[in-house]
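K.L.:
Contents of start00.tsv (TSV, C-alpha atoms) are given next:
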```
chain	number	residue	atom	x	y	z
A	1	GLY	CA	13.37	16.46	-18.43
A	2	SER	CA	14.19	17.46	-14.92
A	3	LEU	CA	10.63	16.76	-13.71
A	4	GLN	CA	11.06	13.13	-14.86
A	5	ALA	CA	14.40	12.93	-13.00
A	6	PHE	CA	12.83	14.42	-9.86
A	7	MET	CA	9.94	11.97	-10.01
A	8	ASP	CA	12.29	9.03	-10.54
A	9	SER	CA	14.39	10.07	-7.54
A	10	CYS	CA	11.25	10.31	-5.39
A	11	PHE	CA	10.24	6.76	-6.23
A	12	GLN	CA	13.67	5.23	-5.68
A	13	LYS	CA	13.33	5.72	-1.94
A	14	ILE	CA	9.86	4.33	-1.25
A	15	HIS	CA	9.15	3.60	2.40
A	16	LEU	CA	5.38	3.24	2.41
A	17	ALA	CA	3.23	2.62	-0.63
A	18	SER	CA	0.48	4.84	0.79
A	19	GLN	CA	2.75	7.91	0.87
A	20	ALA	CA	4.17	7.18	-2.57
A	21	LEU	CA	0.67	6.78	-4.01
A	22	ILE	CA	-0.34	10.21	-2.71
A	23	LEU	CA	2.70	11.68	-4.44
A	24	LEU	CA	1.99	9.75	-7.64
A	25	GLU	CA	-1.61	11.00	-7.72
A	26	ARG	CA	-0.26	14.55	-7.56
A	27	PHE	CA	2.05	13.89	-10.50
A	28	GLU	CA	-0.82	12.27	-12.38
A	29	LYS	CA	-2.88	15.48	-12.13
A	30	LEU	CA	-0.22	17.20	-14.26
A	31	LYS	CA	-1.27	14.99	-17.21
A	32	ILE	CA	2.24	14.86	-18.69
A	33	PRO	CA	2.55	11.66	-20.77
A	34	SER	CA	6.35	11.48	-20.57
A	35	LEU	CA	6.25	10.84	-16.80
A	36	ASN	CA	5.39	7.13	-17.28
A	37	ILE	CA	2.74	7.18	-14.56
A	38	ASP	CA	1.51	3.63	-15.29
A	39	GLU	CA	5.04	2.32	-14.91
A	40	LYS	CA	5.23	3.95	-11.47
A	41	TYR	CA	1.87	2.44	-10.47
A	42	GLN	CA	3.26	-0.97	-11.43
A	43	LEU	CA	6.37	-0.36	-9.32
A	44	LEU	CA	4.24	0.72	-6.37
A	45	LEU	CA	1.99	-2.29	-6.74
A	46	GLU	CA	5.01	-4.57	-6.45
A	47	HIS	CA	6.15	-2.65	-3.36
A	48	PHE	CA	2.62	-2.83	-1.92
A	49	CYS	CA	2.56	-6.62	-2.39
A	50	GLY	CA	5.66	-6.75	-0.19
A	51	GLU	CA	3.91	-4.58	2.40
A	52	LEU	CA	0.92	-6.94	2.30
A	53	ASP	CA	3.21	-9.84	3.09
A	54	ASP	CA	4.75	-7.87	5.96
A	55	VAL	CA	1.31	-7.06	7.43
A	56	LYS	CA	0.26	-10.70	7.05
A	57	LYS	CA	3.39	-11.86	8.92
A	58	LEU	CA	2.85	-9.24	11.63
A	59	TYR	CA	-0.77	-10.30	12.04
A	60	ASN	CA	0.08	-14.00	12.22
A	61	GLN	CA	2.91	-13.33	14.66
A	62	HIS	CA	0.82	-11.26	17.12
A	63	ARG	CA	-2.78	-12.34	16.58
A	64	GLU	CA	-2.93	-14.39	19.80
A	65	ASP	CA	-1.43	-11.62	21.92
A	66	PRO	CA	-1.33	-8.31	20.01
A	67	PRO	CA	0.43	-5.24	21.38
A	68	ILE	CA	-2.19	-3.23	23.26
A	69	PRO	CA	-1.81	0.28	24.70
A	70	ARG	CA	-1.56	0.24	28.49
A	71	ASP	CA	-4.74	2.25	29.06
A	72	MET	CA	-7.00	0.15	26.79
A	73	PRO	CA	-9.22	-2.77	27.73
A	74	PRO	CA	-7.92	-6.03	26.20
A	75	VAL	CA	-10.75	-6.64	23.73
A	76	ALA	CA	-10.89	-3.02	22.57
A	77	GLY	CA	-7.11	-3.03	22.20
A	78	LYS	CA	-7.17	-6.14	20.03
A	79	ILE	CA	-9.89	-4.66	17.84
A	80	ALA	CA	-8.00	-1.35	17.50
A	81	TRP	CA	-4.81	-3.23	16.58
A	82	ALA	CA	-6.59	-5.27	13.88
A	83	ARG	CA	-8.30	-2.17	12.47
A	84	GLN	CA	-4.98	-0.32	12.34
A	85	LEU	CA	-3.45	-3.15	10.32
A	86	PHE	CA	-6.45	-3.15	7.97
A	87	ARG	CA	-6.29	0.63	7.43
A	88	ARG	CA	-2.61	0.26	6.59
A	89	ILE	CA	-3.48	-1.92	3.58
A	90	GLN	CA	-6.90	-0.53	2.70
A	91	GLY	CA	-5.78	2.98	1.67
A	92	PRO	CA	-3.31	1.91	-1.02
A	93	MET	CA	-5.71	-0.75	-2.34
A	94	ASP	CA	-8.44	1.89	-2.73
A	95	VAL	CA	-6.06	3.91	-4.92
A	96	PHE	CA	-5.15	0.86	-7.01
A	97	LYS	CA	-8.86	0.11	-7.53
A	98	LYS	CA	-9.10	3.40	-9.44
A	99	HIS	CA	-6.68	1.89	-11.99
A	100	PRO	CA	-8.24	-1.41	-13.09
A	101	THR	CA	-5.73	-1.93	-15.91
A	102	ILE	CA	-2.94	-2.31	-13.34
A	103	LEU	CA	-4.97	-4.71	-11.20
A	104	LYS	CA	-5.67	-6.96	-14.20
A	105	GLN	CA	-1.99	-7.75	-14.69
A	106	PRO	CA	-0.80	-11.20	-13.55
A	107	GLU	CA	1.62	-9.76	-10.98
A	108	ALA	CA	-1.26	-7.96	-9.29
A	109	GLN	CA	-3.36	-11.11	-8.86
A	110	LYS	CA	-1.12	-12.46	-6.08
A	111	GLY	CA	-1.41	-9.18	-4.19
A	112	ILE	CA	-5.18	-9.11	-4.61
A	113	LYS	CA	-5.41	-12.66	-3.31
A	114	THR	CA	-3.32	-11.76	-0.25
A	115	TYR	CA	-5.39	-8.61	0.36
A	116	ASN	CA	-8.66	-10.53	0.26
A	117	ARG	CA	-7.53	-12.96	2.95
```
For the structure just supplied, provide its representation as structure tokens.
P.N.:
Amino acid sequence: GSLQAFMDSCFQKIHLASQALILLERFEKLKIPSLNIDEKYQLLLEHFCGELDDVKKLYNQHREDPPIPRDMPPVAGKIAWARQLFRRIQGPMDVFKKHPTILKQPEAQKGIKTYNR
């Protein structure tokens, strides 16, 4: 019904997988089978794989000279930058780990491989 339409509209404008996963977990608590929750997890996994590629490119682009806040020592700034990138990908992956059936699919294997690098 209208809840399905609302949920579909929410997931058509995904910006960050982490935010969308929080929303999806809330819908999942409703335990309504017609919402196609697994389908949404699959969609978010595909989006997350794209985010992984973006983070990988960002890391490779700036790893020699990362952007550091002005008031931070260079080494601490580099560590903080790397940790921030890791947190950006760790949160969504922790949510996906709660759903092993989604991670076993062939499309997910590429994302897992990228995450583990």
K.L.:
Given all atoms listed in the file as the basis, pick out the residue of A:Ala76, A:Ile102, A:Met7, A:Cys49 nearest to Glu28 (chain A).
P.N.:
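Checking each of A:Ala76, A:Ile102, A:Met7, A:Cys49 against Glu28 (chain A), counting all atoms listed in the file, the winner is A:Met7.
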K.L.:
Taking all atoms listed in the file into account, which of A:Gln90, A:Ala5, A:Asp54, A:Trp81 comes nearest Pro67 (chain A)?
P.N.:
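Among the listed residues, the smallest separation from Pro67 (chain A) belongs to A:Trp81.
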K.L.:
Rank A:Cys10, A:Leu43, A:Ala20, A:Leu30 by their smallest atom-to-atom distance to Glu107 (chain A), using all atoms listed in the file, and report the top residue only.
P.N.:
A:Leu43
K.L.:
Please report the interatomic distance between CA of Leu85 (chain A) and CA of Lys56 (chain A) in Å with one decimal.
P.N.:
9.0 Å
K.L.:
Quick one: residues within 8 Å of Pro92 (chain A), only C-alpha atoms counted, chain neighbours fewer than 4 positions away excluded, as a list in words?
P.N.:
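Surrounding residues, per the criterion: Ala17, Ser18, Leu21, Phe48, Arg88 and Phe96 of chain A.
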K.L.:
By how many Å are CA of Leu58 (chain A) and CA of Glu25 (chain A) apart?
P.N.:
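Answer for the CA of Leu58 (chain A) to CA of Glu25 (chain A) separation: 28.4 Å.
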K.L.:
For a test of reading the model, state the distance in Å between CA of Leu44 (chain A) and CA of Lys57 (chain A), rounded to one decimal.
P.N.:
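Computing it gives 19.8 Å between the two atoms.
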K.L.:
Would you list the contacts of Gly111 (chain A) as a list in words, taking every protein, DNA or RNA residue within 10 Å and counting all atoms listed in the file, but skipping same-chain residues closer than 5 positions in sequence?
P.N.:
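Near neighbours after the sequence-gap exclusion: Leu45, Glu46, Phe48, Cys49, Gly50, Glu51, Leu52, Asp53, Met93, Leu103, Pro106 and Asn116 of chain A.
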K.L.:
Could you tell me which of A:Lys113, A:Lys31, A:Lys104, A:His47 comes closest to Lys13 (chain A) if we count all atoms listed in the file?
P.N.:
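Smallest separation from Lys13 (chain A) among the options: A:His47.
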K.L.:
Taking all atoms listed in the file into account, name the residue in A:Phe6, A:Tyr59, A:Phe86, A:Tyr41 that is nearest to Gln105 (chain A).
P.N.:
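Going through A:Phe6, A:Tyr59, A:Phe86, A:Tyr41 one by one, the smallest distance to Gln105 (chain A) is for A:Tyr41.
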